[in-house]
$ cat run-v3.pdb   # PDB, C-alpha atoms
ATOM      1  CA  MET I1176      41.623 132.004  30.614
ATOM      2  CA  GLU I1177      44.972 132.204  32.200
ATOM      3  CA  GLN I1178      45.247 132.119  35.924
ATOM      4  CA  HIS I1179      48.208 133.745  37.549
ATOM      5  CA  SER I1180      49.304 132.312  40.815
ATOM      6  CA  VAL I1181      51.243 134.459  43.194
ATOM      7  CA  SER I1182      54.161 132.615  44.670
ATOM      8  CA  PRO I1183      55.132 133.549  48.192
ATOM      9  CA  LEU I1184      58.301 135.555  48.695
ATOM     10  CA  PRO I1185      61.389 133.685  49.773
ATOM     11  CA  GLN I1186      61.792 133.494  53.540
ATOM     12  CA  GLU I1187      64.626 136.038  53.615
ATOM     13  CA  ALA I1188      62.587 138.566  51.578
ATOM     14  CA  GLN I1189      59.584 138.459  53.902
ATOM     15  CA  SER I1190      59.696 140.976  56.699
ATOM     16  CA  PRO I1191      58.991 139.563  60.159
ATOM     17  CA  ALA I1192      55.799 140.491  61.902
ATOM     18  CA  PRO I1193      56.158 143.357  64.397
ATOM     19  CA  THR I1194      56.379 142.421  68.067
ATOM     20  CA  VAL I1195      53.893 144.265  70.272
ATOM     21  CA  ILE I1196      54.726 144.683  73.964
ATOM     22  CA  PHE I1197      52.420 145.876  76.741
ATOM     23  CA  ARG I1198      53.148 146.498  80.405
ATOM     24  CA  SER I1199      53.077 143.338  82.521
ATOM     25  CA  LEU I1200      50.325 142.682  85.055
ATOM     26  CA  ARG I1201      53.082 141.715  87.505
ATOM     27  CA  SER I1202      54.175 145.339  87.675
ATOM     28  CA  GLU I1203      50.782 146.233  89.151
ATOM     29  CA  ILE I1204      50.769 143.673  91.986
ATOM     30  CA  PRO I1205      50.862 146.317  94.783
ATOM     31  CA  ALA I1206      47.904 148.156  93.243
ATOM     32  CA  LEU I1207      46.029 144.863  92.797
ATOM     33  CA  VAL I1208      46.543 143.987  96.479
ATOM     34  CA  ILE I1209      45.212 147.402  97.469
ATOM     35  CA  LEU I1210      42.288 146.935  95.055
ATOM     36  CA  ILE I1211      41.343 143.619  96.664
ATOM     37  CA  ALA I1212      41.585 145.112 100.168
ATOM     38  CA  LEU I1213      39.475 148.128  99.139
ATOM     39  CA  THR I1214      36.876 145.899  97.478
ATOM     40  CA  VAL I1215      36.510 143.670 100.550
ATOM     41  CA  SER I1216      36.347 146.642 102.908
ATOM     42  CA  SER I1217      33.845 148.502 100.707
ATOM     43  CA  ILE I1218      31.559 145.448 100.601
ATOM     44  CA  TRP I1219      31.786 145.133 104.388
ATOM     45  CA  LEU I1220      31.162 148.862 104.937
ATOM     46  CA  THR I1221      28.248 148.902 102.496
ATOM     47  CA  ALA I1222      26.628 145.945 104.274
ATOM     48  CA  ARG I1223      27.227 147.509 107.698
ATOM     49  CA  PHE I1224      26.046 151.053 106.910
ATOM     50  CA  GLU I1225      22.810 151.107 104.940
ATOM     51  CA  TRP I1226      22.951 154.891 104.540
ATOM     52  CA  SER I1227      25.989 154.475 102.255
ATOM     53  CA  VAL I1228      23.773 153.179  99.455
ATOM     54  CA  GLN I1229      22.171 156.135  97.703
ATOM     55  CA  ARG I1230      19.216 155.513  95.429
ATOM     56  CA  LEU I1231      18.895 157.372  92.157
ATOM     57  CA  ALA I1232      15.229 157.606  91.158
ATOM     58  CA  LEU I1233      14.647 156.696  87.511
ATOM     59  CA  GLY I1234      10.870 157.014  87.413
ATOM     60  CA  GLU I1235       8.010 154.549  87.547
ATOM     61  CA  TRP I1236       7.018 151.502  85.580
ATOM     62  CA  LEU I1237       3.565 149.915  85.972
ATOM     63  CA  GLY I1238       3.090 151.889  89.163
ATOM     64  CA  TYR I1239       6.306 150.692  90.795
ATOM     65  CA  PRO I1240       9.159 153.119  91.442
ATOM     66  CA  ILE I1241      12.418 152.325  89.667
ATOM     67  CA  SER I1242      15.656 153.360  91.304
ATOM     68  CA  LEU I1243      19.328 152.612  90.828
ATOM     69  CA  PRO I1244      21.251 151.824  94.035
ATOM     70  CA  ILE I1245      24.712 153.444  94.124
ATOM     71  CA  PRO I1246      27.048 152.189  96.880
ATOM     72  CA  LEU I1247      29.272 155.130  97.857
ATOM     73  CA  PHE I1248      32.026 152.949  99.314
ATOM     74  CA  ALA I1249      32.513 151.348  95.884
ATOM     75  CA  ILE I1250      33.870 154.583  94.400
ATOM     76  CA  LEU I1251      37.450 153.971  95.623
ATOM     77  CA  PRO I1252      37.846 150.405  94.276
ATOM     78  CA  ILE I1253      36.307 151.394  90.942
ATOM     79  CA  THR I1254      38.664 154.373  90.644
ATOM     80  CA  LEU I1255      41.701 152.228  91.465
ATOM     81  CA  GLY I1256      40.568 149.558  88.979
ATOM     82  CA  VAL I1257      40.319 152.169  86.224
ATOM     83  CA  PHE I1258      43.809 153.414  87.164
ATOM     84  CA  ILE I1259      45.244 149.867  86.903
ATOM     85  CA  VAL I1260      43.660 149.254  83.496
ATOM     86  CA  HIS I1261      44.885 152.654  82.312
ATOM     87  CA  SER I1262      48.470 152.009  83.414
ATOM     88  CA  LEU I1263      48.487 148.558  81.784
ATOM     89  CA  TYR I1264      47.042 149.485  78.393
ATOM     90  CA  ASN I1265      47.878 153.163  77.869
ATOM     91  CA  TYR I1266      51.303 152.362  76.395
ATOM     92  CA  ARG I1267      52.143 150.015  73.546
ATOM     93  CA  TYR I1268      55.655 149.293  72.310
ATOM     94  CA  ILE I1269      56.224 147.865  68.842
ATOM     95  CA  LEU I1270      59.470 146.329  67.589
ATOM     96  CA  CYS I1271      59.464 146.471  63.793
ATOM     97  CA  GLU I1272      62.107 145.480  61.271
ATOM     98  CA  ASP I1273      63.603 148.992  60.998
ATOM     99  CA  TYR I1274      62.516 150.849  64.144
ATOM    100  CA  VAL I1275      61.147 150.793  67.685
ATOM    101  CA  LEU I1276      57.823 152.562  68.175
ATOM    102  CA  GLU I1277      56.177 153.743  71.397
ATOM    103  CA  VAL I1278      52.512 154.660  71.183
ATOM    104  CA  SER I1279      51.111 156.324  74.288
ATOM    105  CA  GLY I1280      47.694 157.720  75.017
ATOM    106  CA  LEU I1281      45.730 154.676  73.857
ATOM    107  CA  MET I1282      43.252 155.379  76.665
ATOM    108  CA  ASP I1283      43.674 159.168  76.762
ATOM    109  CA  LEU I1284      42.288 162.034  74.746
ATOM    110  CA  GLN I1285      45.641 162.703  73.100
ATOM    111  CA  ARG I1286      47.935 160.160  71.440
ATOM    112  CA  ARG I1287      51.686 160.479  71.181
ATOM    113  CA  SER I1288      54.146 158.284  69.341
ATOM    114  CA  VAL I1289      57.929 158.127  69.373
ATOM    115  CA  ARG I1290      59.766 156.302  66.623
ATOM    116  CA  LEU I1291      63.464 155.476  66.826
ATOM    117  CA  ASN I1292      65.216 153.922  63.857
ATOM    118  CA  TYR I1293      67.710 151.239  64.853
ATOM    119  CA  LEU I1294      70.549 153.188  63.234
ATOM    120  CA  HIS I1295      69.862 156.151  65.545
ATOM    121  CA  ILE I1296      69.751 154.217  68.826
ATOM    122  CA  ARG I1297      72.689 155.102  71.085
ATOM    123  CA  GLY I1298      72.085 152.514  73.756
ATOM    124  CA  VAL I1299      69.667 150.199  75.519
ATOM    125  CA  GLU I1300      69.546 150.071  79.327
ATOM    126  CA  ILE I1301      67.661 147.873  81.777
ATOM    127  CA  ARG I1302      66.637 149.217  85.163
ATOM    128  CA  ALA I1303      64.859 147.280  87.886
ATOM    129  CA  SER I1304      63.983 148.216  91.442
ATOM    130  CA  ILE I1305      64.056 145.629  94.200
ATOM    131  CA  TRP I1306      60.296 145.087  93.841
ATOM    132  CA  GLN I1307      60.593 144.672  90.076
ATOM    133  CA  GLN I1308      63.383 142.116  90.529
ATOM    134  CA  LEU I1309      61.168 140.119  92.905
ATOM    135  CA  VAL I1310      58.255 139.925  90.473
ATOM    136  CA  GLY I1311      60.361 139.515  87.319
ATOM    137  CA  VAL I1312      59.749 142.773  85.463
ATOM    138  CA  SER I1313      62.079 145.588  84.406
ATOM    139  CA  ASP I1314      62.117 148.987  82.760
ATOM    140  CA  LEU I1315      63.890 149.053  79.395
ATOM    141  CA  ILE I1316      65.210 152.426  78.241
ATOM    142  CA  VAL I1317      66.042 152.926  74.555
ATOM    143  CA  LEU I1318      68.238 156.003  74.123
ATOM    144  CA  GLY I1319      67.870 157.962  70.909
ATOM    145  CA  PRO I1320      70.332 160.321  69.242
ATOM    146  CA  HIS I1321      69.663 163.082  71.787
ATOM    147  CA  ALA I1322      69.183 161.247  75.089
ATOM    148  CA  GLU I1323      68.680 164.472  77.045
ATOM    149  CA  LEU I1324      65.481 165.136  75.106
ATOM    150  CA  GLU I1325      62.444 163.295  76.456
ATOM    151  CA  LYS I1326      61.061 162.872  72.931
ATOM    152  CA  ALA I1327      64.156 160.956  71.801
ATOM    153  CA  THR I1328      63.933 158.274  74.503
ATOM    154  CA  ILE I1329      61.566 155.329  74.790
ATOM    155  CA  GLU I1330      61.041 153.947  78.280
ATOM    156  CA  MET I1331      59.284 150.585  78.338
ATOM    157  CA  LYS I1332      57.996 150.439  81.914
ATOM    158  CA  GLY I1333      57.248 147.216  83.747
ATOM    159  CA  ILE I1334      57.791 144.728  80.924
ATOM    160  CA  ARG I1335      58.583 141.043  81.264
ATOM    161  CA  ASN I1336      61.604 139.473  79.537
ATOM    162  CA  ALA I1337      63.417 142.798  79.240
ATOM    163  CA  HIS I1338      66.706 141.008  78.529
ATOM    164  CA  ALA I1339      65.163 139.199  75.547
ATOM    165  CA  VAL I1340      63.732 142.481  74.229
ATOM    166  CA  LYS I1341      67.127 144.152  74.682
ATOM    167  CA  ASP I1342      68.827 141.312  72.802
ATOM    168  CA  ALA I1343      66.278 141.597  69.977
ATOM    169  CA  ILE I1344      66.864 145.356  69.705
ATOM    170  CA  ASN I1345      70.645 144.916  69.730
ATOM    171  CA  ALA I1346      70.394 142.192  67.067
ATOM    172  CA  SER I1347      68.290 144.509  64.889
ATOM    173  CA  ILE I1348      70.820 147.319  65.404
ATOM    174  CA  HIS I1349      73.658 145.040  64.271
ATOM    175  CA  THR I1350      71.609 143.849  61.279
ATOM    176  CA  GLN I1351      70.917 147.443  60.250
ATOM    177  CA  LEU I1352      74.582 148.381  60.666
ATOM    178  CA  ARG I1353      75.654 145.423  58.503
ATOM    179  CA  THR I1354      73.078 146.359  55.872
ATOM    180  CA  PHE I1355      73.669 150.099  55.720
ATOM    181  CA  GLY I1356      77.279 150.443  56.804
ATOM    182  CA  SER I1357      78.630 152.027  59.940
ATOM    183  CA  GLY I1358      75.588 154.218  60.656
ATOM    184  CA  PRO I1359      74.965 157.934  60.347
ATOM    185  CA  ILE I1360      77.897 160.207  59.653
ATOM    186  CA  GLU I1361      78.245 163.013  62.155
ATOM    187  CA  ALA I1362      79.657 166.375  61.139
ATOM    188  CA  THR I1363      82.749 167.448  63.065
TER
END
$ encode --input "run-v3.pdb" --output "structure tokens"
Amino acid sequence: MEQHSVSPLPQEAQSPAPTVIFRSLRSEIPALVILIALTVSSIWLTARFEWSVQRLALGEWLGYPISLPIPLFAILPITLGVFIVHSLYNYRYILCEDYVLEVSGLMDLQRRSVRLNYLHIRGVEIRASIWQQLVGVSDLIVLGPHAELEKATIEMKGIRNAHAVKDAINASIHTQLRTFGSGPIEAT
């Protein structure tokens, strides 16, 4: 019996693995501070006011009543915690060999994706507020062929190393332009 061995592709023929980018936890520092303050205050209020713990009766077992205690003051910290997790993981940005992809709605009922080929990207901008500069995060905006349309723009909010991501996108744009020529031809 003959055995065929598959030789790996040369390094230049292998496509690089896509880079996946999520929002940075640093961008949520104000919400985390508020979450900690709400958690401490809700624990203190729950201990101080016994009426704030409502008991949900679940029935009996071996003659003993079973109930689930629900602390009402814990509703705010839980809601804010869900909001923080949602804002961190609802968006995913993927840098592939030929395009940039934004997938939103990972934690919603409806998903949306925007794909911009490198040849169609008009520009890459970095924006950072004073707070973002202090914590080391930025917003990276990738402008598509029709920047006035929301669907043709990818905004990577609160990411770390935005300058490195911008350089990677620009390098991929230049690689695509070298490979395919000067880019799309526009009708005059």
$ resolve_selection --input "run-v3.pdb" --expression "the PyMOL selection byres ((chain I and resi 1304-1306) around 12)" --output "short mmCIF file (atom, residue, chain, number, x, y, z; two decimals) with C-alpha atoms, in the coordinates of the input"
data_model
loop_
_atom_site.label_atom_id
_atom_site.label_comp_id
_atom_site.auth_asym_id
_atom_site.auth_seq_id
_atom_site.Cartn_x
_atom_site.Cartn_y
_atom_site.Cartn_z
CA ARG I 1201 53.08 141.72 87.50
CA SER I 1202 54.18 145.34 87.68
CA GLU I 1203 50.78 146.23 89.15
CA ILE I 1204 50.77 143.67 91.99
CA PRO I 1205 50.86 146.32 94.78
CA ILE I 1301 67.66 147.87 81.78
CA ARG I 1302 66.64 149.22 85.16
CA ALA I 1303 64.86 147.28 87.89
CA GLN I 1307 60.59 144.67 90.08
CA GLN I 1308 63.38 142.12 90.53
CA LEU I 1309 61.17 140.12 92.90
CA VAL I 1310 58.26 139.93 90.47
CA GLY I 1311 60.36 139.51 87.32
CA VAL I 1312 59.75 142.77 85.46
CA SER I 1313 62.08 145.59 84.41
CA ASP I 1314 62.12 148.99 82.76
CA LYS I 1332 58.00 150.44 81.91
CA GLY I 1333 57.25 147.22 83.75
#
$ closest_residue --input "run-v3.pdb" --among "I:Val1215, I:Ala1222, I:Ala1232, I:Ile1269" --to "Leu1251 in chain I" --atoms "only C-alpha atoms"
I:Val1215
$ atom_distance --input "run-v3.pdb" --atom1 "CA of Asn1265 in chain I" --atom2 "CA of Asp1283 in chain I"
7.4 Å
$ residues_near_point --input "run-v3.pdb" --point "(50.7, 155.1, 78.9)" --cutoff "12 Å" --atoms "only C-alpha atoms" --output "VMD selection string"
chain I and resid 1197 to 1198 1258 to 1268 1277 to 1288 1329 to 1333
$ atom_distance --input "run-v3.pdb" --atom1 "CA of Glu1272 in chain I" --atom2 "CA of Ile1344 in chain I"
9.7 Å
$ residues_around --input "run-v3.pdb" --residues "His1321 in chain I" --least-positions-apart "5" --cutoff "12 Å" --atoms "only C-alpha atoms" --output "ChimeraX atom specification"
/I:1291,1295-1298,1326-1329
$ closest_residue --input "run-v3.pdb" --among "I:Pro1320, I:Ser1216, I:Ala1337, I:Val1289" --to "Ser1199 in chain I" --atoms "all atoms listed in the file"
I:Ala1337
$ closest_residue --input "run-v3.pdb" --among "I:Val1299, I:Ala1212, I:Leu1294, I:Leu1220" --to "Asp1342 in chain I" --atoms "only C-alpha atoms"
I:Val1299
$ atom_distance --input "run-v3.pdb" --atom1 "CA of Ile1245 in chain I" --atom2 "CA of Ile1211 in chain I"
19.5 Å
$ axis_aligned_box --input "run-v3.pdb" --around "range 1294-1309 of chain I" --padding-each-side "8 Å" --output "lines of an AutoDock Vina configuration file"
center_x = 66.5
center_y = 148.1
center_z = 78.7
size_x = 28.4
size_y = 32.0
size_z = 47.0
$ decode --input "run-v3.pdb" --residues "range 1262-1294 of chain I" --atoms "C-alpha atoms" --output "PDB file, in the first residue's frame"
ATOM      1  CA  SER I1262     -20.584  46.183  26.044  1.00  0.00           C
ATOM      2  CA  LEU I1263     -17.354  44.160  26.234  1.00  0.00           C
ATOM      3  CA  TYR I1264     -18.441  41.101  24.258  1.00  0.00           C
ATOM      4  CA  ASN I1265     -21.224  42.284  21.944  1.00  0.00           C
ATOM      5  CA  TYR I1266     -18.761  43.378  19.245  1.00  0.00           C
ATOM      6  CA  ARG I1267     -15.976  41.370  17.652  1.00  0.00           C
ATOM      7  CA  TYR I1268     -13.571  42.708  15.042  1.00  0.00           C
ATOM      8  CA  ILE I1269     -11.647  40.333  12.795  1.00  0.00           C
ATOM      9  CA  LEU I1270      -8.647  41.264  10.649  1.00  0.00           C
ATOM     10  CA  CYS I1271      -8.331  38.692   7.870  1.00  0.00           C
ATOM     11  CA  GLU I1272      -5.941  38.488   4.942  1.00  0.00           C
ATOM     12  CA  ASP I1273      -8.302  40.246   2.496  1.00  0.00           C
ATOM     13  CA  TYR I1274     -10.805  42.162   4.639  1.00  0.00           C
ATOM     14  CA  VAL I1275     -11.804  43.650   7.987  1.00  0.00           C
ATOM     15  CA  LEU I1276     -14.955  42.206   9.536  1.00  0.00           C
ATOM     16  CA  GLU I1277     -17.132  43.616  12.322  1.00  0.00           C
ATOM     17  CA  VAL I1278     -19.610  41.231  13.899  1.00  0.00           C
ATOM     18  CA  SER I1279     -22.084  42.855  16.269  1.00  0.00           C
ATOM     19  CA  GLY I1280     -24.978  41.412  18.192  1.00  0.00           C
ATOM     20  CA  LEU I1281     -23.078  38.478  19.692  1.00  0.00           C
ATOM     21  CA  MET I1282     -25.172  38.914  22.845  1.00  0.00           C
ATOM     22  CA  ASP I1283     -28.316  40.272  21.169  1.00  0.00           C
ATOM     23  CA  LEU I1284     -31.240  38.711  19.376  1.00  0.00           C
ATOM     24  CA  GLN I1285     -30.083  40.029  16.012  1.00  0.00           C
ATOM     25  CA  ARG I1286     -26.592  39.769  14.518  1.00  0.00           C
ATOM     26  CA  ARG I1287     -25.104  42.215  12.060  1.00  0.00           C
ATOM     27  CA  SER I1288     -21.821  42.035  10.204  1.00  0.00           C
ATOM     28  CA  VAL I1289     -19.936  44.578   8.126  1.00  0.00           C
ATOM     29  CA  ARG I1290     -17.159  43.449   5.826  1.00  0.00           C
ATOM     30  CA  LEU I1291     -14.745  45.873   4.185  1.00  0.00           C
ATOM     31  CA  ASN I1292     -12.221  44.610   1.668  1.00  0.00           C
ATOM     32  CA  TYR I1293      -8.825  46.270   2.023  1.00  0.00           C
ATOM     33  CA  LEU I1294      -9.033  47.599  -1.537  1.00  0.00           C
TER      34      LEU I1294
END
